[in-house]
Amino acid sequence: MPVLHTTHGALEYVWIDGRSDLAPLVYLHHGLGCVSTWRRFPYAVAEATGRPALVYTRHGYGRSAPTELPRPADYMEREAHEVLPEVLDRLGVRAPVLVGHSDGAAIALLHAARGRRPVTALALLGPLVFVEDRTLRAIRAVREAYESGAAAYASGAARAPGADGDAVLLRRKVAMFHEDPDAALHGWSDVWLSPTFRGWSIEDRLARVTAPTLVVGGTADEFATPAQVAAIERGLAGPVRRVDLPHGDHLLLHSARLESRAALVDFLTGLDAPAGDARGARP
């Protein structure tokens, strides 16, 4: 996998070629994600739409360089205002369609709201724009399951059925995608569960976003209530298309992969075409 050297360390990334006259997609992963957790989704969307795409892993995840922990409460602003612009500049990507999942959706909104760079559109999957009790309960449950898995694994319970076995499986899944699974898990969960983060909200920034936006939510999202999508739909200044996926949970690419892809492809197909200054050739 190629590596991009940035001010804050190396980032792993994938570039998918596409038409040079169409705005490229830039994928921004969720709080435990990386390039690999998107799996084949970006390739399938690129094949269906002809659009080029950039998928990269933020610092502290996957095989990208580590980041200093604990993360500050404004880490998503830093990703949106410092890291993402540098990535786009170094790879020559202009006027992208930002495709963000969960944390990545907030980063996409913050980047667009700043208004310093053209953004063709946004596609938000399972977005979070403020802290809810449901979110904290779900994150706490993930962290506790992960820590239980570590204890079970150390005690030789790796093959045990039931809760211990499930916890070990979670730990193994995190380790499959991240070079430092402990840092990935705690780097995400610790900041969200910290008292200083309890009042986090970007609702006041939504009115600055004028780009066309797709918002996809799952009706079984264990991390968010419908109030998240409603706040975005109500707050954005630009046109919004809302899609609610029955039985989809927070990890929409697993629970409703085909439906999520169809919603995104349909949205992209309907966008006013070509952005002549987009980059479609391999960096």
# chains A, B, ... in the order shown; residues from 1 in each chain; ligands from 1

$ closest_atom_pairs --of "range 112-219 of chain A" --to "range 9-32 of chain A" --cutoff "12 Å" --atoms "only C-alpha atoms" --output "tab-separated table"
residue	atom	partner	partner_atom	distance
A:Pro118	CA	A:Ala23	CA	10.8
A:Val119	CA	A:Ala23	CA	9.1
A:Thr120	CA	A:Ala23	CA	6.9
A:Ala121	CA	A:Ala23	CA	9.0
A:Leu122	CA	A:Leu25	CA	9.2
A:Ala123	CA	A:Tyr27	CA	9.4
A:Leu124	CA	A:Leu28	CA	9.6
A:Leu125	CA	A:His30	CA	9.3
A:Gly126	CA	A:His30	CA	9.1
A:Pro127	CA	A:His30	CA	9.3
A:Leu128	CA	A:His30	CA	10.1
A:Ile139	CA	A:Gly31	CA	10.1
A:Val142	CA	A:Leu32	CA	10.6
A:Arg143	CA	A:Leu32	CA	11.3
A:Leu170	CA	A:Leu32	CA	11.8
A:Arg171	CA	A:Leu32	CA	12.0
A:Lys173	CA	A:Leu32	CA	10.6
A:Val174	CA	A:Leu32	CA	7.9
A:Ala175	CA	A:Leu32	CA	10.8
A:Met176	CA	A:Leu32	CA	11.6
A:Phe177	CA	A:Leu32	CA	9.0
A:His178	CA	A:Leu32	CA	8.8
A:Glu179	CA	A:Glu12	CA	11.9
A:Asp180	CA	A:Leu32	CA	11.6
A:Pro181	CA	A:Leu32	CA	9.4
A:Asp182	CA	A:Leu32	CA	10.9
A:Ala183	CA	A:Leu32	CA	10.2
A:Ala184	CA	A:Leu32	CA	6.5
A:Leu185	CA	A:Leu32	CA	6.6
A:His186	CA	A:Leu32	CA	9.6
A:Gly187	CA	A:Gly31	CA	8.9
A:Trp188	CA	A:Gly31	CA	5.8
A:Ser189	CA	A:Gly31	CA	8.2
A:Asp190	CA	A:Gly31	CA	11.2
A:Val191	CA	A:Gly31	CA	10.7
A:Trp192	CA	A:Gly31	CA	9.8

$ write_last_selection --atoms "N, CA, C and O atoms" --output "compact mmCIF listing (two decimals), in the first residue's frame"
# COMPACT_ATOMS: atom_id res chain seq x y z
N PRO A 118 -13.07 24.41 -2.10
CA PRO A 118 -14.31 23.93 -2.73
C PRO A 118 -14.57 22.46 -2.42
O PRO A 118 -13.64 21.64 -2.42
N VAL A 119 -15.80 22.17 -2.11
CA VAL A 119 -16.25 20.79 -1.88
C VAL A 119 -17.44 20.56 -2.80
O VAL A 119 -18.42 21.32 -2.75
N THR A 120 -17.36 19.55 -3.63
CA THR A 120 -18.43 19.31 -4.60
C THR A 120 -19.69 18.80 -3.91
O THR A 120 -20.81 19.22 -4.24
N ALA A 121 -19.54 17.90 -2.96
CA ALA A 121 -20.69 17.32 -2.26
C ALA A 121 -20.19 16.55 -1.05
O ALA A 121 -18.98 16.32 -0.88
N LEU A 122 -21.13 16.16 -0.20
CA LEU A 122 -20.82 15.32 0.95
C LEU A 122 -21.77 14.13 0.99
O LEU A 122 -22.95 14.27 0.64
N ALA A 123 -21.25 13.00 1.42
CA ALA A 123 -22.07 11.81 1.66
C ALA A 123 -21.73 11.33 3.06
O ALA A 123 -20.58 10.98 3.35
N LEU A 124 -22.71 11.34 3.95
CA LEU A 124 -22.49 11.06 5.37
C LEU A 124 -23.19 9.77 5.75
O LEU A 124 -24.41 9.64 5.61
N LEU A 125 -22.42 8.81 6.23
CA LEU A 125 -22.94 7.50 6.64
C LEU A 125 -22.90 7.39 8.16
O LEU A 125 -21.84 7.57 8.76
N GLY A 126 -24.04 7.12 8.78
CA GLY A 126 -24.08 7.01 10.24
C GLY A 126 -23.44 8.20 10.92
O GLY A 126 -22.59 8.04 11.80
N PRO A 127 -23.81 9.43 10.56
CA PRO A 127 -23.10 10.62 11.07
C PRO A 127 -23.37 10.89 12.54
O PRO A 127 -24.44 10.57 13.07
N LEU A 128 -22.38 11.49 13.19
CA LEU A 128 -22.50 11.95 14.56
C LEU A 128 -22.10 13.42 14.60
O LEU A 128 -21.01 13.78 14.16
N ILE A 139 -20.11 3.03 23.02
CA ILE A 139 -18.64 3.08 23.04
C ILE A 139 -18.12 2.40 24.29
O ILE A 139 -17.13 1.64 24.24
N VAL A 142 -18.23 -1.32 23.81
CA VAL A 142 -17.15 -1.80 22.94
C VAL A 142 -15.84 -1.86 23.71
O VAL A 142 -15.09 -2.85 23.64
N ARG A 143 -15.54 -0.82 24.46
CA ARG A 143 -14.28 -0.79 25.20
C ARG A 143 -14.24 -1.89 26.25
O ARG A 143 -13.21 -2.58 26.41
N LEU A 170 -13.59 -9.92 19.24
CA LEU A 170 -13.53 -8.48 19.00
C LEU A 170 -12.08 -8.01 19.01
O LEU A 170 -11.65 -7.25 18.13
N ARG A 171 -11.34 -8.45 19.99
CA ARG A 171 -9.93 -8.05 20.08
C ARG A 171 -9.17 -8.49 18.83
O ARG A 171 -8.35 -7.74 18.28
N LYS A 173 -10.43 -8.98 15.86
CA LYS A 173 -10.89 -8.18 14.72
C LYS A 173 -10.18 -6.83 14.69
O LYS A 173 -9.76 -6.37 13.62
N VAL A 174 -10.06 -6.19 15.85
CA VAL A 174 -9.36 -4.91 15.89
C VAL A 174 -7.91 -5.09 15.48
O VAL A 174 -7.35 -4.30 14.72
N ALA A 175 -7.30 -6.16 15.96
CA ALA A 175 -5.90 -6.43 15.63
C ALA A 175 -5.69 -6.75 14.15
O ALA A 175 -4.60 -6.55 13.61
N MET A 176 -6.72 -7.26 13.49
CA MET A 176 -6.62 -7.55 12.05
C MET A 176 -6.37 -6.28 11.24
O MET A 176 -5.69 -6.31 10.22
N PHE A 177 -6.92 -5.17 11.69
CA PHE A 177 -6.90 -3.95 10.89
C PHE A 177 -5.89 -2.91 11.37
O PHE A 177 -5.54 -2.00 10.61
N HIS A 178 -5.43 -3.03 12.62
CA HIS A 178 -4.60 -1.98 13.19
C HIS A 178 -3.29 -2.55 13.73
O HIS A 178 -3.29 -3.53 14.47
N GLU A 179 -2.21 -1.88 13.36
CA GLU A 179 -0.88 -2.33 13.81
C GLU A 179 -0.76 -2.27 15.32
O GLU A 179 -0.13 -3.12 15.94
N ASP A 180 -1.36 -1.26 15.93
CA ASP A 180 -1.40 -1.13 17.39
C ASP A 180 -2.86 -1.09 17.82
O ASP A 180 -3.46 -0.03 17.94
N PRO A 181 -3.47 -2.27 18.02
CA PRO A 181 -4.90 -2.30 18.33
C PRO A 181 -5.27 -1.59 19.62
O PRO A 181 -6.34 -0.96 19.69
N ASP A 182 -4.42 -1.66 20.63
CA ASP A 182 -4.73 -0.96 21.88
C ASP A 182 -4.80 0.55 21.67
O ASP A 182 -5.70 1.22 22.17
N ALA A 183 -3.85 1.08 20.92
CA ALA A 183 -3.84 2.53 20.65
C ALA A 183 -5.05 2.93 19.83
O ALA A 183 -5.65 3.99 20.06
N ALA A 184 -5.43 2.11 18.85
CA ALA A 184 -6.60 2.42 18.02
C ALA A 184 -7.87 2.45 18.87
O ALA A 184 -8.67 3.39 18.79
N LEU A 185 -8.05 1.41 19.68
CA LEU A 185 -9.26 1.30 20.49
C LEU A 185 -9.33 2.40 21.54
O LEU A 185 -10.34 3.11 21.65
N HIS A 186 -8.26 2.59 22.28
CA HIS A 186 -8.30 3.58 23.35
C HIS A 186 -8.16 5.00 22.83
O HIS A 186 -8.71 5.94 23.43
N GLY A 187 -7.44 5.17 21.73
CA GLY A 187 -7.35 6.51 21.15
C GLY A 187 -8.71 7.05 20.75
O GLY A 187 -8.97 8.25 20.82
N TRP A 188 -9.59 6.15 20.32
CA TRP A 188 -10.96 6.54 19.95
C TRP A 188 -11.87 6.62 21.17
O TRP A 188 -12.51 7.65 21.41
N SER A 189 -11.94 5.55 21.96
CA SER A 189 -12.92 5.49 23.04
C SER A 189 -12.60 6.44 24.19
O SER A 189 -13.52 7.04 24.77
N ASP A 190 -11.33 6.61 24.51
CA ASP A 190 -10.99 7.44 25.67
C ASP A 190 -11.41 8.89 25.49
O ASP A 190 -11.88 9.53 26.43
N VAL A 191 -11.23 9.43 24.28
CA VAL A 191 -11.61 10.83 24.08
C VAL A 191 -13.13 10.98 24.11
O VAL A 191 -13.66 11.93 24.72
N TRP A 192 -13.85 10.06 23.49
CA TRP A 192 -15.31 10.15 23.50
C TRP A 192 -15.88 10.00 24.91
O TRP A 192 -16.91 10.62 25.24

$ select_by_dssp --residues "range 76-281 of chain A" --states "strand (DSSP E)" --output "MDAnalysis selection string"
chainID A and resid 97:101 121:125 213:218 240:245

$ residues_around --residues "range 239-252 of chain A" --least-positions-apart "4" --cutoff "9 Å" --atoms "only C-alpha atoms" --output "PyMOL selection string"
chain A and resi 30+101-102+125-127+210-224+229+232-233+256-257+259-260+263+267

$ write_last_selection --atoms "N, CA and C atoms" --output "PDB file, in the first residue's frame"
ATOM      1  N   HIS A  30     -14.477   5.689  10.018  1.00  0.00           N
ATOM      2  CA  HIS A  30     -15.080   5.848  11.346  1.00  0.00           C
ATOM      3  C   HIS A  30     -14.017   5.735  12.445  1.00  0.00           C
ATOM      4  N   HIS A 101     -17.840   8.439   7.326  1.00  0.00           N
ATOM      5  CA  HIS A 101     -18.600   7.505   8.153  1.00  0.00           C
ATOM      6  C   HIS A 101     -18.367   7.835   9.621  1.00  0.00           C
ATOM      7  N   SER A 102     -19.426   8.134  10.376  1.00  0.00           N
ATOM      8  CA  SER A 102     -19.366   8.387  11.808  1.00  0.00           C
ATOM      9  C   SER A 102     -18.427   9.554  12.117  1.00  0.00           C
ATOM     10  N   LEU A 125     -22.415   8.805   6.230  1.00  0.00           N
ATOM     11  CA  LEU A 125     -22.941   7.502   6.635  1.00  0.00           C
ATOM     12  C   LEU A 125     -22.901   7.390   8.155  1.00  0.00           C
ATOM     13  N   GLY A 126     -24.042   7.124   8.780  1.00  0.00           N
ATOM     14  CA  GLY A 126     -24.078   7.014  10.238  1.00  0.00           C
ATOM     15  C   GLY A 126     -23.437   8.202  10.919  1.00  0.00           C
ATOM     16  N   PRO A 127     -23.807   9.435  10.560  1.00  0.00           N
ATOM     17  CA  PRO A 127     -23.103  10.620  11.069  1.00  0.00           C
ATOM     18  C   PRO A 127     -23.374  10.886  12.544  1.00  0.00           C
ATOM     19  N   THR A 210     -22.959  24.425   2.350  1.00  0.00           N
ATOM     20  CA  THR A 210     -23.887  24.683   1.252  1.00  0.00           C
ATOM     21  C   THR A 210     -23.850  23.595   0.175  1.00  0.00           C
ATOM     22  N   ALA A 211     -22.876  22.691   0.240  1.00  0.00           N
ATOM     23  CA  ALA A 211     -22.746  21.650  -0.783  1.00  0.00           C
ATOM     24  C   ALA A 211     -23.893  20.651  -0.680  1.00  0.00           C
ATOM     25  N   PRO A 212     -24.316  20.073  -1.807  1.00  0.00           N
ATOM     26  CA  PRO A 212     -25.333  19.011  -1.753  1.00  0.00           C
ATOM     27  C   PRO A 212     -24.860  17.878  -0.852  1.00  0.00           C
ATOM     28  N   THR A 213     -25.770  17.350  -0.039  1.00  0.00           N
ATOM     29  CA  THR A 213     -25.373  16.364   0.968  1.00  0.00           C
ATOM     30  C   THR A 213     -26.341  15.186   0.996  1.00  0.00           C
ATOM     31  N   LEU A 214     -25.763  14.002   1.010  1.00  0.00           N
ATOM     32  CA  LEU A 214     -26.503  12.766   1.239  1.00  0.00           C
ATOM     33  C   LEU A 214     -26.283  12.350   2.685  1.00  0.00           C
ATOM     34  N   VAL A 215     -27.368  12.035   3.390  1.00  0.00           N
ATOM     35  CA  VAL A 215     -27.275  11.568   4.773  1.00  0.00           C
ATOM     36  C   VAL A 215     -27.937  10.199   4.854  1.00  0.00           C
ATOM     37  N   VAL A 216     -27.139   9.193   5.207  1.00  0.00           N
ATOM     38  CA  VAL A 216     -27.632   7.822   5.287  1.00  0.00           C
ATOM     39  C   VAL A 216     -27.562   7.353   6.735  1.00  0.00           C
ATOM     40  N   GLY A 217     -28.693   6.950   7.278  1.00  0.00           N
ATOM     41  CA  GLY A 217     -28.738   6.449   8.650  1.00  0.00           C
ATOM     42  C   GLY A 217     -29.399   5.093   8.713  1.00  0.00           C
ATOM     43  N   GLY A 218     -29.017   4.301   9.696  1.00  0.00           N
ATOM     44  CA  GLY A 218     -29.639   2.996   9.911  1.00  0.00           C
ATOM     45  C   GLY A 218     -30.663   3.071  11.019  1.00  0.00           C
ATOM     46  N   THR A 219     -31.779   2.426  10.836  1.00  0.00           N
ATOM     47  CA  THR A 219     -32.834   2.491  11.849  1.00  0.00           C
ATOM     48  C   THR A 219     -32.485   1.687  13.100  1.00  0.00           C
ATOM     49  N   ALA A 220     -31.445   0.853  13.033  1.00  0.00           N
ATOM     50  CA  ALA A 220     -31.005   0.072  14.192  1.00  0.00           C
ATOM     51  C   ALA A 220     -29.624   0.523  14.661  1.00  0.00           C
ATOM     52  N   ASP A 221     -29.310   1.791  14.438  1.00  0.00           N
ATOM     53  CA  ASP A 221     -27.997   2.321  14.823  1.00  0.00           C
ATOM     54  C   ASP A 221     -27.865   2.312  16.339  1.00  0.00           C
ATOM     55  N   GLU A 222     -26.918   1.543  16.853  1.00  0.00           N
ATOM     56  CA  GLU A 222     -26.726   1.425  18.298  1.00  0.00           C
ATOM     57  C   GLU A 222     -25.910   2.571  18.876  1.00  0.00           C
ATOM     58  N   PHE A 223     -25.337   3.424  18.009  1.00  0.00           N
ATOM     59  CA  PHE A 223     -24.525   4.550  18.460  1.00  0.00           C
ATOM     60  C   PHE A 223     -25.262   5.884  18.380  1.00  0.00           C
ATOM     61  N   ALA A 224     -26.398   5.930  17.727  1.00  0.00           N
ATOM     62  CA  ALA A 224     -27.039   7.223  17.493  1.00  0.00           C
ATOM     63  C   ALA A 224     -28.549   7.067  17.369  1.00  0.00           C
ATOM     64  N   VAL A 229     -29.406  12.543  12.488  1.00  0.00           N
ATOM     65  CA  VAL A 229     -29.749  12.814  11.088  1.00  0.00           C
ATOM     66  C   VAL A 229     -30.691  14.006  10.989  1.00  0.00           C
ATOM     67  N   ILE A 232     -28.828  17.285  11.225  1.00  0.00           N
ATOM     68  CA  ILE A 232     -28.109  17.602   9.986  1.00  0.00           C
ATOM     69  C   ILE A 232     -29.089  18.080   8.920  1.00  0.00           C
ATOM     70  N   GLU A 233     -30.172  17.365   8.778  1.00  0.00           N
ATOM     71  CA  GLU A 233     -31.178  17.718   7.771  1.00  0.00           C
ATOM     72  C   GLU A 233     -31.721  19.123   8.029  1.00  0.00           C
ATOM     73  N   ALA A 256     -25.751  -3.073   5.981  1.00  0.00           N
ATOM     74  CA  ALA A 256     -26.563  -2.639   4.832  1.00  0.00           C
ATOM     75  C   ALA A 256     -25.634  -2.181   3.714  1.00  0.00           C
ATOM     76  N   ARG A 257     -24.680  -3.018   3.372  1.00  0.00           N
ATOM     77  CA  ARG A 257     -23.651  -2.639   2.400  1.00  0.00           C
ATOM     78  C   ARG A 257     -24.243  -2.329   1.031  1.00  0.00           C
ATOM     79  N   GLU A 259     -27.339  -1.626   0.174  1.00  0.00           N
ATOM     80  CA  GLU A 259     -28.250  -0.488   0.220  1.00  0.00           C
ATOM     81  C   GLU A 259     -27.482   0.831   0.341  1.00  0.00           C
ATOM     82  N   SER A 260     -26.413   0.815   1.144  1.00  0.00           N
ATOM     83  CA  SER A 260     -25.589   2.024   1.278  1.00  0.00           C
ATOM     84  C   SER A 260     -24.930   2.375  -0.047  1.00  0.00           C
ATOM     85  N   ALA A 263     -27.498   3.834  -2.447  1.00  0.00           N
ATOM     86  CA  ALA A 263     -27.847   5.210  -2.095  1.00  0.00           C
ATOM     87  C   ALA A 263     -26.760   6.170  -2.544  1.00  0.00           C
ATOM     88  N   PHE A 267     -27.024   8.997  -5.553  1.00  0.00           N
ATOM     89  CA  PHE A 267     -26.737  10.399  -5.231  1.00  0.00           C
ATOM     90  C   PHE A 267     -25.670  10.956  -6.169  1.00  0.00           C
TER      91      PHE A 267
END

$ closest_residue --among "A:Pro2, A:Pro66, A:Gly115, A:Pro42" --to "Arg208 in chain A" --atoms "only C-alpha atoms"
A:Gly115

$ atom_distance --atom1 "CA of Ile107 in chain A" --atom2 "CA of Arg78 in chain A"
8.8 Å

$ residues_around --residues "Ala80 in chain A" --least-positions-apart "4" --cutoff "10 Å" --atoms "only C-alpha atoms" --output "VMD selection string"
chain A and resid 75 to 76 84 to 86 104 106 to 114

$ select_by_dssp --residues "range 11-202 of chain A" --states "helix (DSSP H, G or I)" --output "VMD selection string"
chain A and resid 36 to 38 41 to 49 75 to 91 103 to 114 133 to 154 163 to 177 181 to 192 195 to 197

$ residues_around --residues "Arg261 in chain A" --least-positions-apart "3" --cutoff "8 Å" --atoms "only C-alpha atoms" --output "list in words"
Phe41, Ala44, Val45, Arg257, Leu258, Leu264 and Val265 of chain A

$ closest_residue --among "A:Glu47, A:Asp74, A:Glu82, A:Glu68" --to "Trp200 in chain A" --atoms "only C-alpha atoms"
A:Asp74

$ atom_distance --atom1 "CA of Ala138 in chain A" --atom2 "CA of Thr225 in chain A"
11.7 Å

$ atom_distance --atom1 "CA of Gly50 in chain A" --atom2 "CA of Val83 in chain A"
26.5 Å

$ closest_residue --among "A:Arg40, A:Gly60, A:His81, A:Leu169" --to "Tyr146 in chain A" --atoms "only C-alpha atoms"
A:Leu169
